[in-house]
$ cat data.txt   # compact mmCIF, C-alpha atoms
# COMPACT_ATOMS: atom_id res chain seq x y z
CA MET R 1 -161.70 180.69 -77.64
CA ALA R 2 -158.90 181.08 -75.10
CA ARG R 3 -158.15 177.37 -75.27
CA ARG R 4 -158.05 177.53 -79.07
CA SER R 5 -155.71 180.54 -78.96
CA LEU R 6 -153.46 178.74 -76.47
CA ALA R 7 -153.40 175.64 -78.67
CA LEU R 8 -152.52 177.71 -81.73
CA LEU R 9 -149.79 179.52 -79.79
CA LEU R 10 -148.34 176.21 -78.58
CA ALA R 11 -148.42 174.71 -82.07
CA SER R 12 -146.75 177.81 -83.49
CA SER R 13 -144.04 177.72 -80.81
CA LEU R 14 -143.34 174.05 -81.45
CA ALA R 15 -143.11 174.69 -85.18
CA LEU R 16 -140.65 177.53 -84.62
CA MET R 17 -138.58 175.36 -82.29
CA ALA R 18 -138.52 172.55 -84.85
CA ALA R 19 -137.52 174.97 -87.58
CA ALA R 20 -134.73 176.37 -85.40
CA VAL R 21 -133.39 172.88 -84.68
CA ALA R 22 -133.60 171.94 -88.35
CA SER R 23 -131.83 175.12 -89.38
CA ALA R 24 -129.11 174.64 -86.77
CA ASP R 25 -128.37 171.04 -87.77
CA SER R 26 -129.02 171.24 -91.51
CA TRP R 27 -125.95 170.33 -93.53
CA LEU R 28 -126.84 168.45 -96.72
CA TYR R 29 -128.16 171.11 -99.08
CA ASP R 30 -126.02 173.84 -97.55
CA LYS R 31 -122.79 172.00 -98.26
CA PHE R 32 -123.51 169.44 -100.99
CA ASN R 33 -124.96 168.84 -104.43
CA THR R 34 -126.98 165.65 -104.85
CA ASP R 35 -127.54 163.01 -107.52
CA GLY R 36 -130.16 160.29 -107.76
CA THR R 37 -132.73 159.60 -105.06
CA VAL R 38 -131.66 161.46 -101.91
CA ARG R 39 -134.19 162.13 -99.15
CA THR R 40 -133.79 163.96 -95.86
CA GLN R 41 -135.53 163.86 -92.51
CA TYR R 42 -134.77 164.87 -88.93
CA ASP R 43 -134.34 162.27 -86.21
CA ALA R 44 -135.59 162.56 -82.63
CA SER R 45 -132.47 164.48 -81.58
CA GLY R 46 -132.95 167.07 -84.33
CA GLN R 47 -130.12 165.84 -86.54
CA GLU R 48 -130.63 165.95 -90.28
CA VAL R 49 -130.39 162.48 -91.85
CA ALA R 50 -129.56 162.10 -95.55
CA MET R 51 -130.79 158.82 -97.07
CA LEU R 52 -129.34 157.51 -100.33
CA SER R 53 -131.43 155.01 -102.30
CA LEU R 54 -130.32 152.38 -104.82
CA ASP R 55 -132.63 150.52 -107.18
CA ARG R 56 -132.18 148.83 -110.53
CA SER R 57 -132.43 152.13 -112.39
CA SER R 58 -130.10 154.36 -110.40
CA GLY R 59 -127.78 154.85 -107.47
CA ALA R 60 -127.43 158.06 -105.47
CA GLY R 61 -124.91 160.37 -103.90
CA PHE R 62 -123.91 163.81 -102.70
CA ASN R 63 -120.69 165.75 -103.32
CA SER R 64 -119.36 168.83 -101.58
CA LYS R 65 -119.69 172.26 -103.15
CA LYS R 66 -116.22 173.12 -101.85
CA GLN R 67 -112.87 171.46 -102.48
CA TYR R 68 -110.28 170.87 -99.78
CA LEU R 69 -106.55 170.46 -99.44
CA TYR R 70 -106.05 168.57 -96.16
CA GLY R 71 -108.54 168.21 -93.33
CA GLU R 72 -110.48 166.01 -90.95
CA PHE R 73 -113.75 164.65 -92.33
CA SER R 74 -116.26 162.64 -90.34
CA VAL R 75 -119.77 161.23 -90.76
CA GLN R 76 -122.09 158.78 -89.06
CA MET R 77 -123.51 156.06 -91.29
CA LYS R 78 -126.14 153.34 -90.93
CA LEU R 79 -125.67 150.75 -93.66
CA ILE R 80 -128.08 148.48 -95.53
CA PRO R 81 -129.70 145.78 -93.35
CA GLY R 82 -130.00 142.14 -94.39
CA ASN R 83 -128.69 140.99 -97.75
CA SER R 84 -126.61 143.89 -99.09
CA ALA R 85 -124.43 141.76 -101.41
CA GLY R 86 -123.19 143.63 -104.47
CA THR R 87 -123.85 147.09 -103.08
CA VAL R 88 -121.13 149.64 -102.30
CA SER R 89 -121.68 152.50 -99.84
CA CYS R 90 -118.94 155.13 -99.80
CA PHE R 91 -117.45 158.07 -97.95
CA TYR R 92 -114.44 159.45 -99.80
CA LEU R 93 -112.41 162.35 -101.15
CA SER R 94 -111.54 162.73 -104.83
CA SER R 95 -109.90 165.29 -107.09
CA GLY R 96 -111.85 164.01 -110.12
CA ASP R 97 -111.89 161.18 -112.63
CA GLY R 98 -108.74 161.90 -114.66
CA ASP R 99 -105.86 159.47 -115.10
CA GLY R 100 -103.72 161.42 -112.63
CA HIS R 101 -106.36 161.89 -109.96
CA ASP R 102 -106.00 161.67 -106.18
CA GLU R 103 -108.49 159.85 -103.98
CA ILE R 104 -108.93 158.66 -100.38
CA ASP R 105 -111.57 155.95 -99.97
CA MET R 106 -113.71 154.35 -97.31
CA GLU R 107 -115.90 151.88 -99.21
CA PHE R 108 -118.33 149.49 -97.54
CA MET R 109 -118.81 146.37 -99.63
CA GLY R 110 -122.12 144.67 -98.92
CA ASN R 111 -122.49 141.01 -98.11
CA ALA R 112 -125.09 138.29 -97.73
CA SER R 113 -127.16 138.17 -94.55
CA GLY R 114 -125.12 137.00 -91.58
CA GLN R 115 -121.75 137.70 -93.22
CA PRO R 116 -119.55 140.65 -92.20
CA VAL R 117 -119.58 143.84 -94.20
CA VAL R 118 -116.11 144.61 -95.58
CA LEU R 119 -114.57 148.08 -95.24
CA ASN R 120 -112.18 148.80 -98.08
CA THR R 121 -109.69 151.64 -97.47
CA ASN R 122 -107.59 152.89 -100.35
CA VAL R 123 -105.36 155.80 -101.38
CA TRP R 124 -104.73 157.08 -104.90
CA ALA R 125 -101.98 159.62 -105.67
CA SER R 126 -101.34 160.99 -109.18
CA GLY R 127 -103.31 158.07 -110.60
CA ASP R 128 -101.35 155.50 -108.61
CA GLY R 129 -103.72 153.37 -106.53
CA LYS R 130 -103.86 149.68 -105.55
CA LYS R 131 -103.16 150.50 -101.89
CA GLU R 132 -106.08 148.62 -100.35
CA HIS R 133 -106.42 147.50 -96.78
CA GLN R 134 -109.72 145.67 -96.21
CA PHE R 135 -111.31 144.84 -92.85
CA ASP R 136 -114.30 142.77 -91.78
CA LEU R 137 -116.37 145.07 -89.60
CA TRP R 138 -116.60 143.70 -86.05
CA PHE R 139 -120.15 144.96 -85.48
CA ASP R 140 -123.43 145.12 -87.39
CA PRO R 141 -123.16 148.45 -89.26
CA SER R 142 -126.88 148.39 -90.11
CA ALA R 143 -128.15 148.13 -86.51
CA ASP R 144 -127.12 151.66 -85.52
CA TYR R 145 -125.02 154.61 -86.60
CA HIS R 146 -121.23 154.35 -86.45
CA THR R 147 -118.70 157.13 -87.01
CA TYR R 148 -116.17 156.99 -89.85
CA THR R 149 -113.35 159.52 -90.12
CA ILE R 150 -110.60 160.44 -92.57
CA ILE R 151 -107.71 162.63 -91.38
CA TRP R 152 -105.57 163.85 -94.27
CA ASN R 153 -102.52 166.01 -93.60
CA PRO R 154 -99.05 166.52 -95.13
CA THR R 155 -97.57 163.65 -93.09
CA ASN R 156 -100.08 160.80 -93.22
CA ILE R 157 -103.66 159.70 -93.84
CA LEU R 158 -105.55 158.15 -90.93
CA PHE R 159 -108.69 156.02 -91.22
CA LYS R 160 -110.82 155.81 -88.06
CA VAL R 161 -113.87 153.79 -87.02
CA ASP R 162 -115.77 154.98 -83.95
CA GLY R 163 -112.73 157.01 -82.91
CA ASP R 164 -110.22 154.17 -83.27
CA VAL R 165 -107.42 154.45 -85.83
CA ILE R 166 -107.40 151.29 -87.97
CA ARG R 167 -104.96 152.37 -90.66
CA CYS R 168 -102.15 154.88 -91.19
CA PHE R 169 -100.91 155.57 -94.72
CA LYS R 170 -97.56 157.33 -94.38
CA ARG R 171 -96.01 159.87 -96.71
CA TYR R 172 -92.54 159.23 -98.12
CA ALA R 173 -90.67 162.01 -99.90
CA ASP R 174 -89.85 159.89 -102.95
CA LEU R 175 -93.28 158.30 -103.42
CA PRO R 176 -96.61 159.65 -104.69
CA TYR R 177 -98.86 161.18 -102.05
CA PRO R 178 -102.05 163.25 -102.41
CA SER R 179 -100.74 166.73 -101.65
CA ALA R 180 -101.23 169.01 -104.67
CA ARG R 181 -104.78 168.48 -105.94
CA PRO R 182 -107.78 169.81 -103.99
CA MET R 183 -110.45 167.19 -103.44
CA ALA R 184 -114.20 167.22 -102.96
CA LEU R 185 -115.96 165.08 -100.35
CA HIS R 186 -118.35 162.46 -101.73
CA ALA R 187 -120.88 159.95 -100.40
CA THR R 188 -122.35 157.43 -102.83
CA LEU R 189 -124.40 154.25 -103.01
CA TRP R 190 -124.04 152.18 -106.18
CA ASP R 191 -124.24 148.76 -107.80
CA GLY R 192 -120.85 147.08 -107.45
CA SER R 193 -122.00 143.59 -108.46
CA TYR R 194 -118.97 143.11 -110.72
CA TRP R 195 -116.54 143.62 -107.84
CA ALA R 196 -117.89 144.17 -104.34
CA THR R 197 -118.85 140.81 -102.85
CA GLU R 198 -116.53 137.80 -103.10
CA LYS R 199 -114.80 139.43 -106.08
CA GLY R 200 -118.05 139.74 -108.00
CA LYS R 201 -119.38 136.23 -107.41
CA VAL R 202 -122.47 137.48 -105.54
CA PRO R 203 -124.47 140.19 -107.38
CA VAL R 204 -127.19 142.47 -106.07
CA ASP R 205 -130.52 140.77 -105.33
CA TRP R 206 -132.85 143.35 -106.84
CA SER R 207 -135.91 141.74 -105.26
CA ALA R 208 -134.83 143.45 -102.01
CA ALA R 209 -134.57 146.94 -103.58
CA PRO R 210 -134.64 149.78 -102.86
CA PHE R 211 -131.52 149.70 -100.69
CA VAL R 212 -131.02 152.66 -98.34
CA VAL R 213 -127.95 154.03 -96.54
CA SER R 214 -128.36 156.83 -93.99
CA TYR R 215 -125.82 159.56 -93.18
CA ARG R 216 -125.90 162.08 -90.34
CA GLY R 217 -123.56 164.16 -88.18
CA TYR R 218 -121.28 165.26 -91.03
CA SER R 219 -118.37 167.51 -90.07
CA ALA R 220 -115.33 168.89 -91.87
CA ASN R 221 -112.46 170.77 -90.23
CA ALA R 222 -110.41 171.42 -93.30
CA CYS R 223 -108.45 173.77 -95.53
CA VAL R 224 -110.77 175.05 -98.23
CA SER R 225 -109.04 175.31 -101.59
CA GLY R 226 -108.03 178.94 -102.05
CA GLY R 227 -109.38 179.84 -98.60
CA ALA R 228 -108.84 179.43 -94.88
CA CYS R 229 -108.06 176.36 -92.80
CA GLY R 230 -110.26 175.31 -89.90
CA GLY R 231 -109.44 173.39 -86.76
CA GLY R 232 -105.89 172.36 -87.60
CA GLY R 233 -103.88 174.10 -84.90
CA ASP R 234 -100.64 172.90 -83.37
CA ASP R 235 -102.33 169.91 -81.73
CA GLY R 236 -105.09 169.38 -84.28
CA TRP R 237 -105.52 167.30 -87.41
CA MET R 238 -102.86 169.15 -89.44
CA SER R 239 -100.04 167.71 -87.34
CA LYS R 240 -101.79 164.53 -86.24
CA GLN R 241 -99.79 161.29 -86.24
CA PRO R 242 -100.75 158.09 -84.39
CA ASP R 243 -99.58 157.88 -80.78
CA ASP R 244 -98.63 154.59 -79.13
CA ALA R 245 -102.23 153.76 -78.17
CA GLU R 246 -103.43 154.42 -81.73
CA TRP R 247 -100.71 152.22 -83.19
CA GLY R 248 -102.10 149.63 -80.79
CA THR R 249 -105.58 149.87 -82.34
CA VAL R 250 -104.01 149.61 -85.82
CA ARG R 251 -102.30 146.36 -84.81
CA TRP R 252 -105.51 145.12 -83.19
CA ALA R 253 -107.52 145.73 -86.37
CA GLU R 254 -104.85 144.14 -88.56
CA SER R 255 -104.49 141.08 -86.33
CA ASN R 256 -108.18 140.38 -85.85
CA TYR R 257 -110.13 141.80 -88.76
CA MET R 258 -107.90 142.42 -91.78
CA ARG R 259 -109.17 140.57 -94.84
CA TYR R 260 -106.74 141.92 -97.45
CA ASN R 261 -103.43 143.82 -97.46
CA TYR R 262 -101.97 144.82 -100.81
CA CYS R 263 -98.48 144.46 -99.33
CA ASP R 264 -99.09 140.71 -98.98
CA ASP R 265 -100.29 140.22 -102.56
CA GLY R 266 -97.24 139.08 -104.50
CA TRP R 267 -99.45 137.63 -107.27
CA ARG R 268 -100.83 141.10 -107.96
CA PHE R 269 -97.35 142.64 -108.12
CA PRO R 270 -95.17 140.10 -109.98
CA GLN R 271 -92.44 142.71 -110.50
CA GLY R 272 -92.19 143.33 -106.77
CA LEU R 273 -94.33 144.83 -104.04
CA PRO R 274 -94.76 148.64 -103.92
CA PRO R 275 -91.73 150.24 -102.22
CA GLU R 276 -93.64 151.52 -99.16
CA CYS R 277 -94.41 147.91 -98.20
CA SER R 278 -90.79 147.36 -97.08
CA ARG R 279 -90.62 150.56 -95.02
CA SER R 280 -91.68 150.95 -91.41
$ encode --input "data.txt" --output "structure tokens"
Amino acid sequence: MARRSLALLLASSLALMAAAVASADSWLYDKFNTDGTVRTQYDASGQEVAMLSLDRSSGAGFNSKKQYLYGEFSVQMKLIPGNSAGTVSCFYLSSGDGDGHDEIDMEFMGNASGQPVVLNTNVWASGDGKKEHQFDLWFDPSADYHTYTIIWNPTNILFKVDGDVIRCFKRYADLPYPSARPMALHATLWDGSYWATEKGKVPVDWSAAPFVVSYRGYSANACVSGGACGGGGDDGWMSKQPDDAEWGTVRWAESNYMRYNYCDDGWRFPQGLPPECSRS
């Protein structure tokens, strides 16, 4: 009887400890609404993992309950293994779907087995987009989690991979910049066969479905629309601009892994490249 009581007490204590860990690290349903097939579990370290699933019938996603005007947003992602051609996994901010919307994108365009996954970064301001920088990822993003970060402040937008700045989109006083419309944070997984892989030449192979992308470790230090700001400070994200070392990682990424730069695409802009392309 004593042994049984001890076993029950131990089981109860472990359950309480697990519940405490889960409660402490739970983020998905507290902060986001979901669409499609979204499952959660806790990994060995107690972190909540959100898994988005794509099949022929539906994609999936989650979007923040709050809207933000500037902030630092970060998440760890593990992408689709093997042949992910045609799929698009995203982490982005958006003010909505209207013609004059603002948006800041990190989109991972799937590829055939053995080929690099392409990270597409883009900025939309007042409906003006076509600002893509695309990079071949220099690691296997499906083998483990990697950290992707967007820093958005009144001066610039920084895109980071595993802590390294790979792109800086600067603000110019006379050019559109996302600064007036609050945006929600989104994560999605969808069928981009018409566009994602080799400009739509390689569609999704549905025989490999369902495709799953995992997210964990989400954080947002940001200004909530109509509310308080968090974590900006004098030396924080609100005033963040790349230092010399970070400009070095930008040049490294551009020199070694850039696949596409809209500022080099004269065919796309026959009337002349966008004005920011000629500015330092």
$ residues_around --input "data.txt" --residues "R:Thr155" --least-positions-apart "6" --cutoff "8 Å" --atoms "all atoms listed in the file" --output "list in words"
Lys170, Arg171, Ser239 and Gln241 of chain R
$ atom_distance --input "data.txt" --atom1 "atom CA of R:Asn256" --atom2 "atom CA of R:Val212"
28.8 Å
$ residues_around --input "data.txt" --residues "R:Gly36" --least-positions-apart "6" --cutoff "10 Å" --atoms "only C-alpha atoms" --output "list in words"
Leu52, Ser53, Leu54, Ser57, Ser58, Gly59, Ala60, Gly61, Phe62, Thr188 and Leu189 of chain R
$ atom_distance --input "data.txt" --atom1 "atom CA of R:Leu175" --atom2 "atom CA of R:Trp237"
22.1 Å
$ atom_distance --input "data.txt" --atom1 "atom CA of R:Asp264" --atom2 "atom CA of R:Glu103"
21.9 Å
$ closest_residue --input "data.txt" --among "R:Tyr218, R:Gly129, R:Asn63, R:Asp102" --to "R:Phe32" --atoms "only C-alpha atoms"
R:Asn63
$ closest_residue --input "data.txt" --among "R:Pro141, R:Gly46, R:Pro274, R:Gly127" --to "R:Ser95" --atoms "all atoms listed in the file"
R:Gly127
$ residues_around --input "data.txt" --residues "R:Glu254" --least-positions-apart "6" --cutoff "10 Å" --atoms "only C-alpha atoms" --output "ChimeraX atom specification"
/R:133-135,166-167,248,260-261
$ closest_residue --input "data.txt" --among "R:Ala85, R:Leu79, R:Met183, R:Val213" --to "R:Phe139" --atoms "all atoms listed in the file"
R:Leu79
$ closest_residue --input "data.txt" --among "R:Trp247, R:Trp267, R:Tyr262, R:Trp190" --to "R:Thr37" --atoms "all atoms listed in the file"
R:Trp190
$ residues_around --input "data.txt" --residues "R:Tyr177" --least-positions-apart "4" --cutoff "12 Å" --atoms "all atoms listed in the file" --output "count of residues only"
27
$ residues_around --input "data.txt" --residues "R:Gly82" --least-positions-apart "5" --cutoff "9 Å" --atoms "only C-alpha atoms" --output "ChimeraX atom specification"
/R:111-114,142
$ write_last_selection --input "data.txt" --atoms "C-alpha atoms" --output "tab-separated table (two decimals), in the frame of the given file"
chain	number	residue	atom	x	y	z
R	111	ASN	CA	-122.49	141.01	-98.11
R	112	ALA	CA	-125.09	138.29	-97.73
R	113	SER	CA	-127.16	138.17	-94.55
R	114	GLY	CA	-125.12	137.00	-91.58
R	142	SER	CA	-126.88	148.39	-90.11
$ closest_residue --input "data.txt" --among "R:Thr149, R:Gly71, R:Thr87, R:Phe269" --to "R:Met106" --atoms "all atoms listed in the file"
R:Thr149
$ closest_residue --input "data.txt" --among "R:Asn221, R:Tyr215, R:Gly200, R:Phe108" --to "R:Val38" --atoms "all atoms listed in the file"
R:Tyr215
